[in-house]
Amino acid sequence: MCDIFVKADPGNYETKAHSIRLHGVVTSIRLEKLFWQVLQEIAARDGMNTNQLISKLSDELIAYRGEIDNFSSFLRVCCLRYLSLMLDGGIALDKSLPLAGAPQASHGATRYLL
């Protein structure tokens with residue numbers, strides 16, 4: 001069973017830091033390469049780049065929760081939730097369809113179903 005995990009490309013779990021400006025402050029976010037790829041896919045679905053998506057998610061999370069405890073973990077959960085919703089039929093598998101305006105998923109999802 002573990003072969004499907006241990007034989008994964010090590011490049012996918014190599015971490016990479018991205019600098020981004022959130023609310024006028026430059027910050028660095030470190031995630032594994034695979035998560036950056038998923039965030040790029042999510043952003044592309046709504047015609048954004050990754051930095052725009054991350055800024056939007058940050059703004060929406062602050063508006064909804066009032067604070068951000070662990071933003072990197074939140075982004076990882078967003079990626080997993082996105083993939084899970086695609087597999088469960090909660091959002092379209094067609095990556096050319098935007099997420100904006102899609103039916104909201106349950107469990108307190110934000111506009112982006114995350």
# chains A, B, ... in the order shown; residues from 1 in each chain; ligands from 1
>>> residues_around(residues="Phe71 (chain A)", least_positions_apart="5", cutoff="10 Å", atoms="only C-alpha atoms", output="JSON list (two decimals) with N, CA and C atoms, in the first residue's frame")
[["chain", "number", "residue", "atom", "x", "y", "z"],
["A", 29, "ILE", "N", 5.29, 32.82, 1.76],
["A", 29, "ILE", "CA", 4.50, 31.62, 2.04],
["A", 29, "ILE", "C", 5.29, 30.43, 1.51],
["A", 54, "ILE", "N", -4.45, 34.03, -3.81],
["A", 54, "ILE", "CA", -4.06, 34.00, -2.40],
["A", 54, "ILE", "C", -4.53, 35.27, -1.69],
["A", 57, "LEU", "N", -8.31, 34.90, -1.21],
["A", 57, "LEU", "CA", -8.60, 33.95, -0.13],
["A", 57, "LEU", "C", -8.31, 34.57, 1.23],
["A", 58, "SER", "N", -7.22, 35.30, 1.33],
["A", 58, "SER", "CA", -6.88, 35.97, 2.58],
["A", 58, "SER", "C", -7.96, 36.97, 2.96],
["A", 61, "LEU", "N", -11.14, 35.11, 3.97],
["A", 61, "LEU", "CA", -10.99, 34.44, 5.26],
["A", 61, "LEU", "C", -11.05, 35.44, 6.41],
["A", 76, "ARG", "N", -3.18, 24.76, 2.23],
["A", 76, "ARG", "CA", -3.09, 23.31, 1.97],
["A", 76, "ARG", "C", -4.47, 22.67, 2.03],
["A", 77, "VAL", "N", -5.27, 23.06, 3.02],
["A", 77, "VAL", "CA", -6.62, 22.51, 3.14],
["A", 77, "VAL", "C", -7.47, 22.94, 1.95]]
>>> residues_around(residues="Pro98 (chain A)", least_positions_apart="6", cutoff="10 Å", atoms="only C-alpha atoms", output="list in words")
Ile42, Ala43, Ala44, Arg45, Asp46, Gly47, Ile91, Ala92 and Tyr112 of chain A
>>> select_by_dssp(residues="chain A", states="helix (DSSP H, G or I)", output="ChimeraX atom specification")
/A:3-6,10-13,33-45,50-65,71-88
>>> select_by_dssp(residues="chain A", states="strand (DSSP E or B)", output="PyMOL selection string")
chain A and resi 15-22+25-32
>>> closest_residue(among="A:Ser55, A:Asn70, A:Ser84, A:Ser96", to="Arg30 (chain A)", atoms="only C-alpha atoms")
A:Asn70
